file input21.cif (mmCIF, C-alpha atoms)
data_run
loop_
_atom_site.label_atom_id
_atom_site.label_comp_id
_atom_site.auth_asym_id
_atom_site.auth_seq_id
_atom_site.Cartn_x
_atom_site.Cartn_y
_atom_site.Cartn_z
CA MET A 795 72.40 66.29 167.41
CA SER A 796 76.08 67.26 167.74
CA GLN A 797 75.43 70.55 165.97
CA VAL A 798 72.59 71.31 168.38
CA ARG A 799 74.82 70.52 171.38
CA GLU A 800 77.60 72.70 170.00
CA ARG A 801 75.23 75.65 169.40
CA HIS A 802 73.95 75.15 172.95
CA ALA A 803 77.48 75.28 174.40
CA ARG A 804 78.58 78.26 172.31
CA TYR A 805 75.44 80.15 173.31
CA TYR A 806 76.44 79.86 176.97
CA VAL A 807 80.00 81.02 176.29
CA SER A 808 78.71 83.95 174.28
CA PHE A 809 76.20 84.94 176.96
CA THR A 810 78.92 85.16 179.64
CA GLU A 811 80.88 87.55 177.43
CA THR A 812 77.97 90.01 177.26
CA HIS A 813 76.58 89.38 180.77
CA PRO A 814 79.64 88.78 183.02
CA GLU A 815 77.76 89.81 186.20
CA ASP A 816 74.39 88.13 185.58
CA TRP A 817 74.28 85.95 188.71
CA ALA A 818 70.55 85.28 188.52
CA TRP A 819 71.01 83.86 185.01
CA PHE A 820 73.92 81.71 186.13
CA ASP A 821 72.02 80.29 189.10
CA ALA A 822 68.99 79.49 186.97
CA GLU A 823 70.97 77.97 184.10
CA TRP A 824 73.65 76.16 186.13
CA PRO A 825 72.14 72.66 185.69
CA GLN A 826 71.92 73.20 181.92
CA ILE A 827 75.43 74.65 181.83
CA GLN A 828 76.74 71.51 183.51
CA ARG A 829 74.98 69.34 180.94
CA ALA A 830 76.55 71.41 178.17
CA TRP A 831 79.95 70.91 179.82
CA GLU A 832 79.51 67.14 179.81
CA TRP A 833 79.20 67.23 176.02
CA VAL A 834 82.03 69.78 175.58
CA SER A 835 84.47 67.90 177.81
CA GLN A 836 83.62 64.30 176.91
CA VAL A 837 82.27 64.29 173.34
CA SER A 838 83.41 67.38 171.44
CA GLU A 839 86.78 67.17 169.72
CA ASP A 840 87.07 70.95 169.62
CA LYS A 841 89.77 71.68 172.20
CA SER A 842 89.39 75.43 171.72
CA LEU A 843 85.76 75.14 172.79
CA VAL A 844 86.86 73.29 175.92
CA ILE A 845 89.22 76.15 176.78
CA HIS A 846 86.64 78.86 176.05
CA PHE A 847 84.02 77.10 178.18
CA VAL A 848 86.41 76.73 181.10
CA GLN A 849 87.52 80.35 180.94
CA ALA A 850 83.97 81.64 180.54
CA PHE A 851 82.66 79.97 183.69
CA TYR A 852 85.63 80.10 186.05
CA PRO A 853 84.71 83.61 187.34
CA PHE A 854 81.17 82.41 188.12
CA GLN A 855 82.43 79.25 189.82
CA ASP A 856 84.95 81.23 191.83
CA ARG A 857 82.41 83.79 193.08
CA ARG A 858 79.90 81.02 193.87
CA SER A 859 82.67 79.11 195.72
CA LEU A 860 82.33 76.06 193.45
CA TRP A 861 86.03 75.37 193.81
CA ASP A 862 86.02 71.57 193.52
CA ILE A 863 84.12 71.87 190.25
CA ALA A 864 86.40 74.68 189.07
CA ILE A 865 89.47 72.49 189.68
CA ALA A 866 88.02 69.60 187.69
CA TRP A 867 86.98 71.82 184.75
CA ASN A 868 90.26 73.73 184.68
CA LYS A 869 92.33 70.55 184.72
CA ARG A 870 90.42 69.41 181.63
CA GLY A 871 91.09 72.84 180.11
CA LEU A 872 94.76 72.49 180.97
CA GLU A 873 94.96 69.27 178.96
CA ALA A 874 93.37 71.01 175.98
CA ALA A 875 95.67 74.03 176.18
CA HIS A 876 98.75 71.82 176.46
CA SER A 877 97.77 69.77 173.41
CA LEU A 878 97.33 72.99 171.40
CA GLY A 879 100.64 74.43 172.61
CA GLU A 880 98.86 77.43 174.17
CA ARG A 881 101.43 78.23 176.83
CA LYS A 882 99.89 81.53 177.93
CA ILE A 883 96.50 79.87 178.43
CA GLU A 884 98.17 77.02 180.32
CA GLY A 885 99.57 79.59 182.73
CA VAL A 886 96.19 81.26 183.23
CA ILE A 887 94.49 77.93 183.92
CA LEU A 888 97.24 76.82 186.32
CA THR A 889 96.66 80.05 188.23
CA ASN A 890 92.92 79.33 188.43
CA VAL A 891 93.59 75.84 189.78
CA GLY A 892 96.07 77.21 192.32
CA ALA A 893 93.58 79.84 193.52
CA SER A 894 90.84 77.24 193.89
CA TYR A 895 93.09 74.98 195.96
CA GLY A 896 93.95 78.00 198.09
CA HIS A 897 90.28 78.68 198.82
CA LEU A 898 89.92 75.06 199.88
CA GLY A 899 92.81 75.47 202.33
CA GLN A 900 95.24 73.28 200.37
CA ALA A 901 98.23 75.63 200.42
CA GLN A 902 100.85 73.18 199.12
CA GLN A 903 98.75 72.31 196.06
CA SER A 904 98.24 76.04 195.56
CA ILE A 905 101.97 76.73 195.60
CA LYS A 906 102.68 73.86 193.20
CA HIS A 907 100.31 75.23 190.55
CA PHE A 908 101.35 78.87 191.04
CA GLU A 909 105.01 77.94 190.62
CA GLU A 910 104.22 76.11 187.38
CA ALA A 911 102.30 79.17 186.16
CA LEU A 912 105.18 81.47 187.16
CA ALA A 913 107.66 79.39 185.19
CA ILE A 914 105.48 79.67 182.07
CA ALA A 915 105.02 83.44 182.50
CA ARG A 916 108.78 83.93 182.67
CA GLU A 917 109.38 81.55 179.78
CA ILE A 918 107.08 83.54 177.45
CA GLY A 919 108.05 86.97 178.83
CA ASP A 920 104.58 87.82 180.17
CA ARG A 921 105.38 90.38 182.88
CA GLY A 922 101.76 90.94 183.94
CA SER A 923 101.15 87.25 184.52
CA GLU A 924 104.50 86.95 186.26
CA GLY A 925 103.46 89.63 188.73
CA ASN A 926 100.11 87.99 189.41
CA CYS A 927 101.76 84.61 190.01
CA LEU A 928 104.18 86.22 192.46
CA GLY A 929 101.25 87.79 194.29
CA SER A 930 99.43 84.47 194.44
CA LEU A 931 102.51 82.78 195.85
CA GLY A 932 102.70 85.52 198.45
CA ILE A 933 99.17 84.71 199.61
CA SER A 934 99.97 81.01 199.85
CA TYR A 935 103.10 81.58 201.91
CA ARG A 936 101.28 84.04 204.15
CA ASN A 937 98.63 81.39 204.82
CA LEU A 938 101.46 79.03 205.80
CA GLY A 939 102.73 81.64 208.24
CA GLN A 940 105.85 82.57 206.24
CA GLY A 941 105.34 86.33 206.45
CA GLU A 942 108.79 87.50 205.33
CA ARG A 943 108.63 85.33 202.23
CA ALA A 944 105.11 86.56 201.52
CA LEU A 945 106.23 90.20 201.81
CA GLU A 946 109.04 89.59 199.32
CA TYR A 947 106.63 88.13 196.74
CA HIS A 948 104.02 90.88 197.20
CA LEU A 949 106.57 93.69 196.80
CA GLN A 950 107.84 92.11 193.57
CA ALA A 951 104.28 91.71 192.33
CA LEU A 952 103.36 95.34 193.06
CA ALA A 953 106.48 96.62 191.30
CA ILE A 954 105.61 94.66 188.16
CA ALA A 955 101.95 95.80 188.19
CA ARG A 956 103.05 99.43 188.35
CA GLU A 957 105.67 98.82 185.66
CA VAL A 958 103.08 97.46 183.19
CA GLY A 959 100.31 99.90 184.21
CA ASP A 960 97.95 97.22 185.55
CA ARG A 961 95.92 99.18 188.13
CA SER A 962 93.60 96.31 189.02
CA SER A 963 96.52 94.06 189.92
CA ALA A 964 98.26 96.92 191.73
CA ALA A 965 95.19 97.31 193.98
CA LYS A 966 95.15 93.57 194.67
CA HIS A 967 98.84 93.51 195.59
CA LEU A 968 98.43 96.58 197.82
CA GLY A 969 95.69 94.75 199.70
CA ASN A 970 97.91 91.71 200.14
CA LEU A 971 100.76 93.89 201.35
CA ALA A 972 98.42 95.49 203.88
CA THR A 973 97.61 92.07 205.33
CA VAL A 974 101.27 91.22 205.75
CA TYR A 975 102.13 94.63 207.23
CA TRP A 976 99.28 94.22 209.72
CA SER A 977 100.57 90.81 210.80
CA PHE A 978 103.95 92.44 211.44
CA GLY A 979 102.31 95.16 213.54
CA GLN A 980 103.10 97.88 210.98
CA ILE A 981 99.66 99.48 211.29
CA ASP A 982 100.16 102.80 209.49
CA GLN A 983 101.54 101.05 206.41
CA ALA A 984 98.63 98.60 206.46
CA ILE A 985 96.03 101.39 206.51
CA GLU A 986 97.74 103.37 203.75
CA CYS A 987 97.88 100.29 201.49
CA ARG A 988 94.20 99.56 202.14
CA LYS A 989 93.11 103.11 201.37
CA GLU A 990 95.19 103.29 198.20
CA ALA A 991 93.78 99.98 196.96
CA LEU A 992 90.17 101.02 197.73
CA ALA A 993 90.61 104.30 195.85
CA ILE A 994 91.89 102.45 192.78
CA VAL A 995 89.05 99.90 192.57
CA ARG A 996 86.36 102.53 193.18
CA GLU A 997 87.77 104.61 190.35
CA MET A 998 87.68 101.52 188.14
CA GLY A 999 84.12 100.56 189.17
CA ASP A 1000 85.22 97.10 190.35
CA LYS A 1001 82.44 96.24 192.82
CA HIS A 1002 83.74 92.82 193.86
CA SER A 1003 87.19 94.17 194.75
CA GLU A 1004 85.62 97.20 196.42
CA ALA A 1005 83.75 94.90 198.82
CA SER A 1006 86.93 92.98 199.62
CA HIS A 1007 88.95 96.12 200.35
CA LEU A 1008 86.13 97.60 202.45
CA ILE A 1009 86.02 94.38 204.49
CA ASN A 1010 89.74 94.46 205.15
CA LEU A 1011 89.78 98.16 205.99
CA GLY A 1012 86.92 97.47 208.40
CA ILE A 1013 89.00 94.76 210.05
CA VAL A 1014 91.86 97.19 210.57
CA TYR A 1015 89.56 99.82 212.12
CA SER A 1016 87.87 97.19 214.31
CA ASN A 1017 91.21 95.93 215.65
CA LEU A 1018 92.20 99.51 216.43
CA GLY A 1019 88.99 100.02 218.43
CA ARG A 1020 87.51 102.41 215.86
CA ALA A 1021 84.10 100.68 215.80
CA LYS A 1022 82.10 103.40 214.04
CA GLU A 1023 84.51 103.48 211.08
CA ALA A 1024 84.56 99.68 210.97
CA LEU A 1025 80.74 99.49 210.92
CA ILE A 1026 80.54 101.96 208.02
CA CYS A 1027 83.01 99.85 206.02
CA TYR A 1028 81.14 96.60 206.72
CA GLU A 1029 77.71 98.02 205.85
CA GLN A 1030 79.00 99.41 202.55
CA ALA A 1031 80.70 96.10 201.80
CA LEU A 1032 77.56 94.07 202.59
CA ALA A 1033 75.46 96.13 200.18
CA THR A 1034 78.08 95.70 197.46
CA ALA A 1035 78.45 91.94 198.02
CA ARG A 1036 74.69 91.40 197.79
CA GLU A 1037 74.54 93.52 194.65
CA THR A 1038 77.12 91.30 192.94
CA GLY A 1039 75.88 87.96 194.36
CA ASP A 1040 79.17 87.38 196.17
CA ARG A 1041 78.24 84.82 198.83
CA ARG A 1042 81.81 84.35 200.06
CA ASN A 1043 82.28 88.02 200.86
CA GLU A 1044 78.77 88.21 202.29
CA GLY A 1045 79.69 85.45 204.73
CA ILE A 1046 82.92 87.21 205.67
CA ILE A 1047 81.04 90.45 206.34
CA TRP A 1048 78.47 88.76 208.59
CA GLY A 1049 81.35 87.21 210.50
CA ASN A 1050 83.10 90.53 210.92
CA LEU A 1051 79.87 92.23 211.98
CA GLY A 1052 79.45 89.52 214.58
CA ALA A 1053 82.95 90.08 215.91
CA LEU A 1054 82.35 93.84 216.01
CA HIS A 1055 79.06 93.45 217.94
CA ASN A 1056 80.90 91.15 220.32
CA ASP A 1057 83.58 93.80 220.92
CA LEU A 1058 80.76 96.29 221.64
CA ASN A 1059 79.26 93.86 224.21
CA GLN A 1060 76.21 93.29 221.99
CA ARG A 1061 76.30 89.53 222.46
CA ILE A 1062 72.95 88.45 221.05
CA GLN A 1063 73.43 90.50 217.86
CA ALA A 1064 76.94 89.06 217.60
CA ILE A 1065 75.73 85.46 217.75
CA GLU A 1066 72.95 86.10 215.21
CA CYS A 1067 75.47 87.56 212.74
CA LEU A 1068 77.98 84.78 213.34
CA GLU A 1069 75.41 82.02 212.84
CA GLN A 1070 74.54 83.51 209.44
CA ALA A 1071 78.22 83.67 208.60
CA LEU A 1072 78.83 80.06 209.66
CA ALA A 1073 75.89 78.82 207.57
CA ILE A 1074 77.24 80.58 204.46
CA ALA A 1075 80.79 79.28 205.03
CA ARG A 1076 79.51 75.70 205.26
CA GLU A 1077 77.19 76.19 202.28
CA ILE A 1078 80.02 77.28 200.00
CA GLY A 1079 82.70 74.97 201.42
CA ASP A 1080 84.88 77.80 202.78
CA ARG A 1081 86.87 75.88 205.40
CA ARG A 1082 89.00 78.79 206.56
CA GLY A 1083 85.89 80.95 206.88
CA GLU A 1084 84.18 78.15 208.80
CA GLY A 1085 87.08 78.07 211.25
CA HIS A 1086 86.88 81.83 211.80
CA ARG A 1087 83.12 81.75 212.41
CA LEU A 1088 83.38 78.82 214.83
CA GLY A 1089 86.09 80.66 216.74
CA ASN A 1090 84.10 83.88 216.88
CA LEU A 1091 81.03 82.01 218.11
CA GLY A 1092 83.17 80.44 220.82
CA ASN A 1093 84.37 83.86 221.96
CA ALA A 1094 80.80 85.21 221.91
CA TYR A 1095 79.50 82.36 224.07
CA ARG A 1096 82.42 82.89 226.46
CA ALA A 1097 81.36 86.52 226.82
CA LEU A 1098 77.83 85.34 227.64
CA GLY A 1099 79.22 83.03 230.32
CA ASN A 1100 78.31 79.82 228.47
CA LEU A 1101 81.79 78.33 228.83
CA GLU A 1102 80.94 74.75 227.84
CA ARG A 1103 79.48 75.99 224.53
CA ALA A 1104 82.55 78.20 224.08
CA VAL A 1105 84.90 75.22 224.45
CA GLU A 1106 82.78 73.25 221.97
CA TYR A 1107 82.96 75.90 219.25
CA LEU A 1108 86.63 76.78 219.80
CA THR A 1109 87.64 73.12 219.72
CA GLN A 1110 85.84 72.73 216.38
CA ALA A 1111 87.62 75.85 215.09
CA LEU A 1112 91.01 74.51 216.18
CA ALA A 1113 90.33 71.23 214.35
CA VAL A 1114 89.49 73.10 211.13
CA PHE A 1115 92.63 75.27 211.24
CA ARG A 1116 94.82 72.24 211.90
CA GLU A 1117 93.16 70.34 209.06
CA ILE A 1118 93.94 73.10 206.54
CA ASP A 1119 97.39 73.83 208.05
CA ASP A 1120 96.53 77.43 209.00
CA ARG A 1121 99.07 77.91 211.78
CA TYR A 1122 98.45 81.64 212.08
CA ASN A 1123 94.84 81.11 213.18
CA GLU A 1124 95.69 77.91 215.04
CA GLY A 1125 97.79 79.98 217.45
CA ALA A 1126 95.05 82.55 218.00
CA THR A 1127 92.49 79.82 218.67
CA LEU A 1128 94.75 78.07 221.17
CA GLY A 1129 94.95 81.34 223.08
CA SER A 1130 91.16 81.74 223.04
CA LEU A 1131 90.74 78.21 224.41
CA GLY A 1132 93.28 79.03 227.13
CA ASN A 1133 91.12 81.98 228.20
CA VAL A 1134 88.04 79.76 228.51
CA TYR A 1135 89.91 77.14 230.56
CA ARG A 1136 91.14 79.94 232.83
CA ASP A 1137 87.52 81.07 233.29
CA LEU A 1138 86.63 77.47 234.16
CA GLY A 1139 89.30 77.48 236.89
CA GLN A 1140 91.47 74.97 235.02
CA ALA A 1141 94.76 76.85 235.35
CA GLU A 1142 97.05 74.06 234.16
CA GLU A 1143 95.00 73.55 231.00
CA ALA A 1144 94.95 77.31 230.43
CA VAL A 1145 98.74 77.59 230.77
CA ARG A 1146 99.26 74.67 228.39
CA HIS A 1147 97.12 76.33 225.73
CA PHE A 1148 98.77 79.74 226.20
CA GLN A 1149 102.23 78.17 225.86
CA GLU A 1150 101.20 76.27 222.72
CA ALA A 1151 99.75 79.50 221.32
CA ILE A 1152 103.03 81.35 221.93
CA GLU A 1153 105.04 78.57 220.31
CA MET A 1154 102.76 78.59 217.26
CA ALA A 1155 102.78 82.41 217.06
CA ARG A 1156 106.57 82.50 217.12
CA SER A 1157 106.76 79.90 214.35
CA VAL A 1158 104.79 82.20 212.02
CA ASN A 1159 106.06 85.56 213.38
CA ASN A 1160 102.62 86.55 214.70
CA ARG A 1161 103.81 89.14 217.19
CA LEU A 1162 100.34 90.21 218.30
CA VAL A 1163 99.22 86.70 219.33
CA GLU A 1164 102.61 86.11 220.97
CA GLY A 1165 102.20 89.25 223.06
CA VAL A 1166 98.58 88.56 224.00
CA ASN A 1167 99.40 85.08 225.28
CA LEU A 1168 102.47 86.25 227.20
CA HIS A 1169 100.15 88.73 228.92
CA ASN A 1170 97.72 85.87 229.60
CA LEU A 1171 100.50 83.82 231.20
CA GLY A 1172 101.37 86.84 233.33
CA ASP A 1173 97.74 87.05 234.48
CA VAL A 1174 97.71 83.37 235.47
CA ALA A 1175 101.03 83.66 237.31
CA LYS A 1176 99.66 86.67 239.22
CA ASP A 1177 96.51 84.73 240.16
CA GLN A 1178 98.73 81.92 241.49
CA GLY A 1179 100.78 84.35 243.57
CA ASN A 1180 103.96 83.96 241.51
CA PHE A 1181 104.57 87.69 241.11
CA SER A 1182 108.15 87.39 239.88
CA LEU A 1183 107.11 85.13 236.99
CA ALA A 1184 104.12 87.36 236.28
CA GLN A 1185 106.40 90.40 235.94
CA GLN A 1186 108.66 88.50 233.57
CA TYR A 1187 105.80 87.52 231.26
CA LEU A 1188 104.19 90.98 231.36
CA ALA A 1189 107.48 92.72 230.60
CA GLU A 1190 107.93 90.49 227.54
CA ALA A 1191 104.35 91.18 226.44
CA LEU A 1192 104.76 94.95 226.93
CA ALA A 1193 107.95 95.01 224.87
CA ILE A 1194 106.13 93.32 221.98
CA PHE A 1195 103.06 95.56 222.21
CA GLU A 1196 105.20 98.70 222.20
CA GLU A 1197 107.22 97.39 219.28
CA ILE A 1198 104.10 96.79 217.15
CA GLN A 1199 102.20 99.86 218.49
CA SER A 1200 99.37 97.74 219.86
CA PRO A 1201 96.66 99.32 222.05
CA PHE A 1202 97.07 96.26 224.32
CA ALA A 1203 100.25 97.88 225.65
CA ASP A 1204 98.23 99.94 228.14
CA ALA A 1205 96.80 96.87 229.88
CA SER A 1206 100.20 95.19 230.19
CA ARG A 1207 101.84 98.42 231.37
CA LYS A 1208 99.17 99.00 234.03
CA LEU A 1209 99.30 95.45 235.42
CA LEU A 1210 103.10 95.37 235.37
CA ALA A 1211 103.26 98.71 237.21
CA GLU A 1212 100.93 97.38 239.92
CA LEU A 1213 103.07 94.29 240.41
CA GLN A 1214 106.33 96.23 240.44
CA GLU A 1215 104.91 98.70 242.95
CA GLU A 1216 103.95 95.84 245.23
CA ALA A 1217 107.45 94.37 244.83
CA GLY A 1218 109.11 97.73 245.53
CA THR A 1219 110.35 98.37 242.00
CA GLY A 1220 109.00 100.84 239.50
CA ASN A 1221 110.70 100.76 236.14
CA VAL A 1222 108.02 100.56 233.43
CA SER A 1223 108.69 102.01 229.99
CA GLY A 1224 106.28 104.18 228.00
#

call {"tool": "encode", "arguments": {"input": "input21.cif", "output": "structure tokens"}}
result
Amino acid sequence: MSQVRERHARYYVSFTETHPEDWAWFDAEWPQIQRAWEWVSQVSEDKSLVIHFVQAFYPFQDRRSLWDIAIAWNKRGLEAAHSLGERKIEGVILTNVGASYGHLGQAQQSIKHFEEALAIAREIGDRGSEGNCLGSLGISYRNLGQGERALEYHLQALAIAREVGDRSSAAKHLGNLATVYWSFGQIDQAIECRKEALAIVREMGDKHSEASHLINLGIVYSNLGRAKEALICYEQALATARETGDRRNEGIIWGNLGALHNDLNQRIQAIECLEQALAIAREIGDRRGEGHRLGNLGNAYRALGNLERAVEYLTQALAVFREIDDRYNEGATLGSLGNVYRDLGQAEEAVRHFQEAIEMARSVNNRLVEGVNLHNLGDVAKDQGNFSLAQQYLAEALAIFEEIQSPFADASRKLLAELQEEAGTGNVSG
């Protein structure tokens, strides 16, 4: 019986080596694969088989968002690698565990495992792995709102990838750098990094990474008001994600399409897209994605005038971001809630949320959200007849928008000019 079980397990490992993108096979065989794992992990004394099984199925688990299972399997693989003295494999598995914790929103656990993997990479002189660990740490610190620290890690990671000729990793690090540059308001650098990364993965034929880079380039275009270019990116990404069975990216794309339709005042289409995105996020356990979709649905219902529903969704989103310690998105959601309370005529509640949003944005150096909520405070002060305070807030917002080259600068400049004209002054930059 043991020989039969072993042949069964080795068959699955062998099949993944020759069919690394066969998602239909994986979905159909997953119950049997799990049964094979029970024997491999609990009965077999072959530690090498444990390691091979873990490594064979981690990519499938990752793409199917089975992160809790991936953590459990990889921790068993880590024990096996440690007992065999396989330091390089230990580092790889630690990285897998760290990435899985990151997807689940557990940034501190992520950092812990990435730092352990980094120490091993440096100990054994593995420059490629060192670079990838640095990049992973950059992502974790970015998610914690520590942008400057994230930038430092990503720049180190990119330099190492170029040094060792690892184009796939270079594309990944360029994408991560683009995200950080965007958060700093350095838009041109963000676009250039995205385009360079996309060109690399297309040349390599890496469909999964192509979808990810298309999504992120679409986000940049959408935020710049270039809707047609954003839509092209999202549609190409959706086709690629479906082709590769990538449910996580498919959910992200539906969410971004919803946000884009919302920006184009196509509310019903926006809500339909966002509901699909929310269902996928919950199906795969993507908590950060769930928070984004809830927030987008809240904004869509606000645009439709259904303010009670908007508060409901945005409050749920805020709870998710606080649960996973995502302060970057917590600040943005506080601002969105402030807008709804302002629409409801609850000025004090609106001001409280805008002030909390600004405080949170400053703690993570999110200049865009800081500027938007300063502008919002200026709007409220104007509505209350406190024109001096309104000018103060709008001047602060305008300075930030001009610094980060945000298109929101025009709105702040226009409103500030109106207020200053009424007050008999007229000194507006730009």

call {"tool": "residues_around", "arguments": {"input": "input21.cif", "residues": "range 1031-1036 of chain A", "least_positions_apart": "3", "cutoff": "12 Å", "atoms": "all atoms listed in the file", "output": "MDAnalysis selection string"}}
result
chainID A and resid 817:818 857:858 992 996 999:1013 1024:1028 1039:1051

call {"tool": "resolve_selection", "arguments": {"input": "input21.cif", "expression": "the PyMOL selection byres ((chain A and resi 967-972) around 6)", "output": "VMD selection string"}}
result
chain A and resid 952 964 to 966 973 to 975 984 987 to 988 991

call {"tool": "write_last_selection", "arguments": {"input": "input21.cif", "atoms": "C-alpha atoms", "output": "compact mmCIF listing (two decimals), keeping the file's coordinate frame"}}
result
# COMPACT_ATOMS: atom_id res chain seq x y z
CA LEU A 952 103.36 95.34 193.06
CA ALA A 964 98.26 96.92 191.73
CA ALA A 965 95.19 97.31 193.98
CA LYS A 966 95.15 93.57 194.67
CA THR A 973 97.61 92.07 205.33
CA VAL A 974 101.27 91.22 205.75
CA TYR A 975 102.13 94.63 207.23
CA ALA A 984 98.63 98.60 206.46
CA CYS A 987 97.88 100.29 201.49
CA ARG A 988 94.20 99.56 202.14
CA ALA A 991 93.78 99.98 196.96

call {"tool": "resolve_selection", "arguments": {"input": "input21.cif", "expression": "the PyMOL selection byres ((chain A and resi 1172) around 10)", "output": "MDAnalysis selection string"}}
result
chainID A and resid 1145 1166:1171 1173:1178 1180:1191 1206 1209:1210

call {"tool": "resolve_selection", "arguments": {"input": "input21.cif", "expression": "the PyMOL selection byres ((chain A and resi 928) around 10)", "output": "PyMOL selection string"}}
result
chain A and resi 908-909+911-912+923-927+929-934+944+946-952+954+967

call {"tool": "write_last_selection", "arguments": {"input": "input21.cif", "atoms": "C-alpha atoms", "output": "compact mmCIF listing (two decimals), in the coordinates of the input"}}
result
# COMPACT_ATOMS: atom_id res chain seq x y z
CA PHE A 908 101.35 78.87 191.04
CA GLU A 909 105.01 77.94 190.62
CA ALA A 911 102.30 79.17 186.16
CA LEU A 912 105.18 81.47 187.16
CA SER A 923 101.15 87.25 184.52
CA GLU A 924 104.50 86.95 186.26
CA GLY A 925 103.46 89.63 188.73
CA ASN A 926 100.11 87.99 189.41
CA CYS A 927 101.76 84.61 190.01
CA GLY A 929 101.25 87.79 194.29
CA SER A 930 99.43 84.47 194.44
CA LEU A 931 102.51 82.78 195.85
CA GLY A 932 102.70 85.52 198.45
CA ILE A 933 99.17 84.71 199.61
CA SER A 934 99.97 81.01 199.85
CA ALA A 944 105.11 86.56 201.52
CA GLU A 946 109.04 89.59 199.32
CA TYR A 947 106.63 88.13 196.74
CA HIS A 948 104.02 90.88 197.20
CA LEU A 949 106.57 93.69 196.80
CA GLN A 950 107.84 92.11 193.57
CA ALA A 951 104.28 91.71 192.33
CA LEU A 952 103.36 95.34 193.06
CA ILE A 954 105.61 94.66 188.16
CA HIS A 967 98.84 93.51 195.59

call {"tool": "residues_around", "arguments": {"input": "input21.cif", "residues": "Asn1093 in chain A", "least_positions_apart": "3", "cutoff": "12 Å", "atoms": "only C-alpha atoms", "output": "PyMOL selection string"}}
result
chain A and resi 1052-1057+1059+1061+1064-1065+1068+1086-1090+1096-1109+1111+1126-1134

call {"tool": "atom_distance", "arguments": {"input": "input21.cif", "atom1": "CA of Gln855 in chain A", "atom2": "CA of Val1014 in chain A"}}
result
29.0 Å

call {"tool": "atom_distance", "arguments": {"input": "input21.cif", "atom1": "CA of His897 in chain A", "atom2": "CA of Gln828 in chain A"}}
result
21.7 Å

call {"tool": "atom_distance", "arguments": {"input": "input21.cif", "atom1": "CA of Gln1060 in chain A", "atom2": "CA of Gly1019 in chain A"}}
result
14.9 Å

call {"tool": "axis_aligned_box", "arguments": {"input": "input21.cif", "around": "range 998-1004 of chain A", "padding_each_side": "3 Å", "output": "JSON"}}
result
{"center_x": 85.1, "center_y": 97.2, "center_z": 192.3, "size_x": 11.2, "size_y": 14.7, "size_z": 14.3}

call {"tool": "closest_residue", "arguments": {"input": "input21.cif", "among": "A:Phe820, A:Ala830, A:Glu1143, A:Gln1070", "to": "Ser796 in chain A", "atoms": "all atoms listed in the file"}}
result
A:Ala830

call {"tool": "closest_residue", "arguments": {"input": "input21.cif", "among": "A:Ala893, A:Leu1112, A:Ile1118, A:Ala1141", "to": "Ile865 in chain A", "atoms": "only C-alpha atoms"}}
result
A:Ala893

call {"tool": "residues_around", "arguments": {"input": "input21.cif", "residues": "Gln826 in chain A", "least_positions_apart": "4", "cutoff": "12 Å", "atoms": "only C-alpha atoms", "output": "PyMOL selection string"}}
result
chain A and resi 799+802-803+805-806+819-822+830-833

call {"tool": "closest_residue", "arguments": {"input": "input21.cif", "among": "A:Ala1155, A:Asp920, A:Gly941, A:Glu1077", "to": "Val958 in chain A", "atoms": "all atoms listed in the file"}}
result
A:Asp920

call {"tool": "closest_residue", "arguments": {"input": "input21.cif", "among": "A:Ile1074, A:Asp1204, A:Ala864, A:Phe847", "to": "Phe809 in chain A", "atoms": "all atoms listed in the file"}}
result
A:Phe847
